[in-house]
Amino acid sequence: MVRRALRHLDGADRDVLVLYLATRVALLLTAYCTAWLLPHDPESHVPAPFGAVVGRWDWNHYLHIARDGYFPDDPAARPGEWDNREAFFPGFPLALRSAHLLLGDWIAAGLAVSLAAGAVAVVALARIARHHLPEPGGPRRAALLLLASPCAVFLAVGYTESLFLAFALPAWLAARRDAWRLASLLAAGATTVRVTGLFLVAALVVQFALTARRRGTLRAFPWPALPAVPPLLYVGYLYSRTGDWMAWKHAQERGWYRQFHSPWESWSTTWEAAFGQAYPTPYALLWQGELVAMLVGIATVVLLARARRWPEAVYVALSLWALGTSYWYMSIPRATLLWWPLWIGLAGWTLRSSRRTAVWLCLSVPLCVILAVTYFSGRWAG
């Protein structure tokens, strides 16, 4: 199967995969060094187990869902008031459970899913970039900037970002080729993984509306509705177990304070958390990163709108609206990993000047390493 897939890759795709594998090795080396240099006990003579280093924070939610389900019969399998596992869509836990059947180890399964999905994602990103960057090296540059982005560690560990992109980016490619059945099936995969899949669906609908009459694809009209089915099934499942149609949203509110607030209230609360000295400095610094990521997102939407790339503008704008109307900002830097127009746009911008490339990488790569060390050492990394 792997050999058959490789036959469909051209030289540019293979270059991107080499870059991808090199960055995976770099992150594993970072994890190894972090385990030795920053143990939980400073006097320890033994590093933390590798599984404990790479399996942090949200990974535990995915692990519990994959291993025990959403509503385990044994109360001990769902300890603590902070276990709001209904907030997580079932796509990644299902993939994790499937990989575990083959590998027999949960950590290995999570890393394998992200490794395979990430490979699909970077090749798809490079192929999308070919539509926008005619310059030599443009697609490879887009992949490099994503893989060296500040939050790139989340593409390597047992999180949902790689799997989501492995569905979303090929879906976008298929839509650009008017292969709407394939695009809808892939987008349905994305909506099983993250709620962000619904923002992708909105972008696909806009793309369909803009191209259907011009290209005569109206006969494919029912297909863009297919990706809405997985979230509806998940909501129905939660209702059958809880009697609450809004169980997913209420879990988000309990665990992450994602109640609706006006955008200016959310900005003000986050600003206070970042600069008001009410929180320890590591948390304050990460909230500063949230503010910067919001500004980057707004700039991305404005530039996409100016270029009349309305589907991509809708996709990023909906993501910003969802993340920017909570009590405070949370996970916006991680969300930048999913904004493929951002990385393609930055690739085009840096290709025009070696100085721009140097400046961007000098900013991004240290942040990438710092955030990776933060995550691997067990500190909150957003």
# chains A, B, ... in the order shown; residues from 1 in each chain; ligands from 1
call {"tool": "select_by_dssp", "arguments": {"residues": "range 53-296 of chain A", "states": "helix (DSSP H, G or I)", "output": "mmCIF file with C-alpha atoms, in the first residue's frame"}}
result
data_model
loop_
_atom_site.group_PDB
_atom_site.id
_atom_site.type_symbol
_atom_site.label_atom_id
_atom_site.label_comp_id
_atom_site.auth_asym_id
_atom_site.auth_seq_id
_atom_site.Cartn_x
_atom_site.Cartn_y
_atom_site.Cartn_z
ATOM 1 C CA VAL A 53 7.004 13.306 27.800
ATOM 2 C CA VAL A 54 4.999 13.216 24.567
ATOM 3 C CA ASP A 58 -5.441 16.962 25.804
ATOM 4 C CA TRP A 59 -3.788 13.678 24.892
ATOM 5 C CA ASN A 60 -5.198 12.240 28.096
ATOM 6 C CA HIS A 61 -8.750 13.080 27.010
ATOM 7 C CA TYR A 62 -8.260 11.342 23.667
ATOM 8 C CA LEU A 63 -6.688 8.359 25.376
ATOM 9 C CA HIS A 64 -9.577 7.995 27.840
ATOM 10 C CA ILE A 65 -12.155 8.194 25.055
ATOM 11 C CA ALA A 66 -10.324 5.693 22.853
ATOM 12 C CA ARG A 67 -9.723 3.262 25.703
ATOM 13 C CA ASP A 68 -12.892 3.590 27.790
ATOM 14 C CA PRO A 75 -16.866 5.254 37.459
ATOM 15 C CA ALA A 76 -13.144 4.857 38.091
ATOM 16 C CA ALA A 77 -12.570 5.170 34.344
ATOM 17 C CA ARG A 85 -14.563 14.359 27.349
ATOM 18 C CA GLU A 86 -17.807 15.133 25.514
ATOM 19 C CA ALA A 87 -16.049 18.299 24.288
ATOM 20 C CA GLY A 91 -12.664 11.045 14.908
ATOM 21 C CA PHE A 92 -9.223 11.047 16.513
ATOM 22 C CA PRO A 93 -10.134 8.582 19.314
ATOM 23 C CA LEU A 94 -11.513 6.192 16.677
ATOM 24 C CA ALA A 95 -8.280 6.434 14.670
ATOM 25 C CA LEU A 96 -6.294 6.009 17.876
ATOM 26 C CA ARG A 97 -8.203 2.896 18.849
ATOM 27 C CA SER A 98 -7.716 1.418 15.377
ATOM 28 C CA ALA A 99 -3.971 2.072 15.452
ATOM 29 C CA HIS A 100 -3.772 0.556 18.930
ATOM 30 C CA LEU A 101 -5.188 -2.706 17.581
ATOM 31 C CA LEU A 102 -2.168 -2.900 15.277
ATOM 32 C CA LEU A 103 0.556 -1.529 17.546
ATOM 33 C CA TRP A 106 -1.399 3.803 23.087
ATOM 34 C CA ILE A 107 1.470 6.285 22.850
ATOM 35 C CA ALA A 108 2.858 4.576 19.760
ATOM 36 C CA ALA A 109 -0.628 4.550 18.253
ATOM 37 C CA GLY A 110 -1.092 8.290 18.811
ATOM 38 C CA LEU A 111 2.296 9.121 17.338
ATOM 39 C CA ALA A 112 1.684 6.811 14.366
ATOM 40 C CA VAL A 113 -1.665 8.431 13.564
ATOM 41 C CA SER A 114 -0.142 11.906 13.670
ATOM 42 C CA LEU A 115 2.927 10.811 11.694
ATOM 43 C CA ALA A 116 0.930 9.261 8.856
ATOM 44 C CA ALA A 117 -1.704 12.004 8.818
ATOM 45 C CA GLY A 118 0.930 14.726 8.878
ATOM 46 C CA ALA A 119 2.650 13.249 5.832
ATOM 47 C CA VAL A 120 -0.631 13.376 3.900
ATOM 48 C CA ALA A 121 -1.247 16.927 5.116
ATOM 49 C CA VAL A 122 2.107 18.424 4.071
ATOM 50 C CA VAL A 123 1.930 16.867 0.599
ATOM 51 C CA ALA A 124 -1.608 18.223 0.178
ATOM 52 C CA LEU A 125 -0.509 21.660 1.421
ATOM 53 C CA ALA A 126 2.320 21.716 -1.108
ATOM 54 C CA ARG A 127 -0.065 20.765 -3.905
ATOM 55 C CA ILE A 128 -2.499 23.518 -2.921
ATOM 56 C CA ALA A 129 0.416 25.953 -2.866
ATOM 57 C CA ARG A 130 1.175 25.108 -6.516
ATOM 58 C CA GLY A 138 7.014 27.791 -3.414
ATOM 59 C CA PRO A 139 5.184 24.608 -2.348
ATOM 60 C CA ARG A 140 8.192 23.396 -0.382
ATOM 61 C CA ARG A 141 8.445 26.797 1.320
ATOM 62 C CA ALA A 142 4.798 26.610 2.420
ATOM 63 C CA ALA A 143 5.435 23.192 3.990
ATOM 64 C CA LEU A 144 8.608 24.444 5.681
ATOM 65 C CA LEU A 145 6.859 27.426 7.242
ATOM 66 C CA LEU A 146 4.084 25.208 8.611
ATOM 67 C CA LEU A 147 6.536 22.639 9.996
ATOM 68 C CA ALA A 152 4.375 22.772 15.163
ATOM 69 C CA VAL A 153 4.857 20.383 18.088
ATOM 70 C CA PHE A 154 1.113 19.688 18.028
ATOM 71 C CA LEU A 155 1.443 18.209 14.545
ATOM 72 C CA GLU A 161 -4.332 18.831 14.114
ATOM 73 C CA SER A 162 -2.519 16.437 11.763
ATOM 74 C CA LEU A 163 -5.510 14.161 11.286
ATOM 75 C CA PHE A 164 -7.801 17.116 10.629
ATOM 76 C CA LEU A 165 -5.442 18.523 7.998
ATOM 77 C CA ALA A 166 -5.096 15.089 6.402
ATOM 78 C CA PHE A 167 -8.816 15.272 5.622
ATOM 79 C CA ALA A 168 -9.291 19.015 5.159
ATOM 80 C CA LEU A 169 -6.454 19.792 2.741
ATOM 81 C CA PRO A 170 -7.198 16.954 0.275
ATOM 82 C CA ALA A 171 -10.869 17.978 0.516
ATOM 83 C CA TRP A 172 -9.932 21.500 -0.538
ATOM 84 C CA LEU A 173 -7.782 20.149 -3.364
ATOM 85 C CA ALA A 174 -10.679 17.999 -4.580
ATOM 86 C CA ALA A 175 -13.051 20.978 -4.451
ATOM 87 C CA ARG A 176 -10.682 23.058 -6.561
ATOM 88 C CA TRP A 180 -17.344 17.375 -5.171
ATOM 89 C CA ARG A 181 -18.161 13.836 -4.117
ATOM 90 C CA LEU A 182 -14.590 13.236 -3.021
ATOM 91 C CA ALA A 183 -14.371 16.682 -1.423
ATOM 92 C CA SER A 184 -17.556 16.050 0.554
ATOM 93 C CA LEU A 185 -16.433 12.611 1.733
ATOM 94 C CA LEU A 186 -13.085 13.987 2.883
ATOM 95 C CA ALA A 187 -14.750 16.968 4.566
ATOM 96 C CA ALA A 188 -17.025 14.512 6.388
ATOM 97 C CA GLY A 189 -13.855 12.940 7.753
ATOM 98 C CA ALA A 190 -12.704 16.383 8.914
ATOM 99 C CA THR A 191 -15.989 17.022 10.738
ATOM 100 C CA THR A 192 -15.552 13.804 12.716
ATOM 101 C CA VAL A 193 -12.239 15.131 14.047
ATOM 102 C CA THR A 196 -13.379 23.295 12.733
ATOM 103 C CA GLY A 197 -14.589 20.904 10.057
ATOM 104 C CA LEU A 198 -17.828 22.868 9.966
ATOM 105 C CA PHE A 199 -15.868 25.998 9.046
ATOM 106 C CA LEU A 200 -14.298 24.001 6.237
ATOM 107 C CA VAL A 201 -17.784 23.007 5.104
ATOM 108 C CA ALA A 202 -18.773 26.687 4.994
ATOM 109 C CA ALA A 203 -15.736 27.430 2.827
ATOM 110 C CA LEU A 204 -16.620 24.534 0.523
ATOM 111 C CA VAL A 205 -20.178 25.810 0.191
ATOM 112 C CA VAL A 206 -18.900 29.258 -0.784
ATOM 113 C CA GLN A 207 -16.485 27.679 -3.269
ATOM 114 C CA PHE A 208 -19.326 25.603 -4.686
ATOM 115 C CA ALA A 209 -21.570 28.648 -5.018
ATOM 116 C CA LEU A 210 -18.864 30.639 -6.785
ATOM 117 C CA THR A 211 -17.988 27.917 -9.279
ATOM 118 C CA ALA A 212 -21.155 25.846 -9.770
ATOM 119 C CA ARG A 213 -22.781 27.914 -12.508
ATOM 120 C CA ARG A 214 -19.541 28.822 -14.234
ATOM 121 C CA ARG A 215 -18.322 25.230 -14.395
ATOM 122 C CA LEU A 218 -24.884 22.103 -10.108
ATOM 123 C CA ARG A 219 -25.649 18.394 -10.417
ATOM 124 C CA ALA A 220 -23.276 17.855 -7.472
ATOM 125 C CA TRP A 223 -22.909 16.469 -1.834
ATOM 126 C CA PRO A 224 -21.684 19.547 0.109
ATOM 127 C CA ALA A 225 -24.347 18.763 2.740
ATOM 128 C CA LEU A 226 -22.780 15.370 3.550
ATOM 129 C CA PRO A 227 -20.091 16.661 5.985
ATOM 130 C CA ALA A 228 -22.828 17.934 8.336
ATOM 131 C CA VAL A 229 -23.900 14.347 9.035
ATOM 132 C CA PRO A 230 -21.075 13.267 11.434
ATOM 133 C CA PRO A 231 -21.546 16.219 13.843
ATOM 134 C CA LEU A 232 -25.309 15.651 13.834
ATOM 135 C CA LEU A 233 -24.803 11.982 14.635
ATOM 136 C CA TYR A 234 -22.417 12.894 17.455
ATOM 137 C CA VAL A 235 -24.869 15.427 18.911
ATOM 138 C CA GLY A 236 -27.603 12.792 18.709
ATOM 139 C CA TYR A 237 -25.412 10.252 20.454
ATOM 140 C CA LEU A 238 -24.641 12.648 23.298
ATOM 141 C CA TYR A 239 -28.334 13.461 23.633
ATOM 142 C CA SER A 240 -29.186 9.763 23.887
ATOM 143 C CA ARG A 241 -26.778 9.442 26.817
ATOM 144 C CA THR A 242 -27.285 12.783 28.594
ATOM 145 C CA ALA A 247 -23.917 18.469 25.768
ATOM 146 C CA TRP A 248 -20.884 19.208 23.564
ATOM 147 C CA LYS A 249 -21.152 22.956 24.111
ATOM 148 C CA HIS A 250 -21.773 22.607 27.835
ATOM 149 C CA ALA A 251 -18.664 20.435 28.161
ATOM 150 C CA GLN A 252 -16.687 23.173 26.402
ATOM 151 C CA GLU A 253 -18.078 25.735 28.833
ATOM 152 C CA ARG A 254 -17.303 23.659 31.923
ATOM 153 C CA GLY A 255 -13.784 22.806 30.929
ATOM 154 C CA TRP A 256 -12.547 25.817 28.970
ATOM 155 C CA PRO A 263 -15.233 40.092 20.813
ATOM 156 C CA TRP A 264 -14.141 43.209 22.713
ATOM 157 C CA GLU A 265 -14.883 41.548 26.058
ATOM 158 C CA SER A 266 -12.797 38.527 25.058
ATOM 159 C CA TRP A 267 -9.938 40.772 23.936
ATOM 160 C CA SER A 268 -10.092 42.781 27.153
ATOM 161 C CA THR A 269 -10.123 39.685 29.381
ATOM 162 C CA THR A 270 -7.208 38.147 27.500
ATOM 163 C CA TRP A 271 -5.265 41.408 27.617
ATOM 164 C CA GLU A 272 -5.752 41.580 31.369
ATOM 165 C CA ALA A 273 -4.597 37.959 31.733
ATOM 166 C CA ALA A 274 -1.544 38.679 29.577
ATOM 167 C CA PHE A 275 -0.421 41.961 31.106
ATOM 168 C CA THR A 281 4.431 34.595 33.999
ATOM 169 C CA PRO A 282 4.328 31.344 31.938
ATOM 170 C CA TYR A 283 0.552 31.628 31.550
ATOM 171 C CA ALA A 284 0.739 35.364 30.926
ATOM 172 C CA LEU A 285 3.271 34.849 28.142
ATOM 173 C CA LEU A 286 1.025 32.316 26.431
ATOM 174 C CA TRP A 287 -1.910 34.721 26.608
ATOM 175 C CA GLN A 288 0.310 37.290 24.950
ATOM 176 C CA GLY A 289 0.763 34.723 22.197
ATOM 177 C CA GLU A 290 -3.015 34.381 21.951
ATOM 178 C CA LEU A 291 -3.331 38.126 21.318
ATOM 179 C CA VAL A 292 -0.651 38.041 18.633
ATOM 180 C CA ALA A 293 -2.303 35.050 16.951
ATOM 181 C CA MET A 294 -5.630 36.875 16.879
ATOM 182 C CA LEU A 295 -4.007 39.845 15.132
ATOM 183 C CA VAL A 296 -2.344 37.504 12.642
#
call {"tool": "closest_residue", "arguments": {"among": "A:Ile298, A:Val359, A:Ala179, A:Val195", "to": "Ala322 in chain A", "atoms": "only C-alpha atoms"}}
result
A:Val195
call {"tool": "atom_distance", "arguments": {"atom1": "CA of Leu37 in chain A", "atom2": "CA of Leu371 in chain A"}}
result
15.2 Å
call {"tool": "residues_around", "arguments": {"residues": "His261 in chain A", "least_positions_apart": "2", "cutoff": "6 Å", "atoms": "only C-alpha atoms", "output": "list of chain:residue names"}}
result
A:Thr325, A:Ser326, A:Tyr327
call {"tool": "atom_distance", "arguments": {"atom1": "CA of Leu19 in chain A", "atom2": "CA of Ala156 in chain A"}}
result
13.6 Å
call {"tool": "closest_residue", "arguments": {"among": "A:Ala299, A:Cys362, A:Ala26, A:Val46", "to": "Leu342 in chain A", "atoms": "only C-alpha atoms"}}
result
A:Ala299
call {"tool": "closest_residue", "arguments": {"among": "A:Gly69, A:Gly348, A:Pro341, A:Gly297", "to": "Trp321 in chain A", "atoms": "only C-alpha atoms"}}
result
A:Gly297
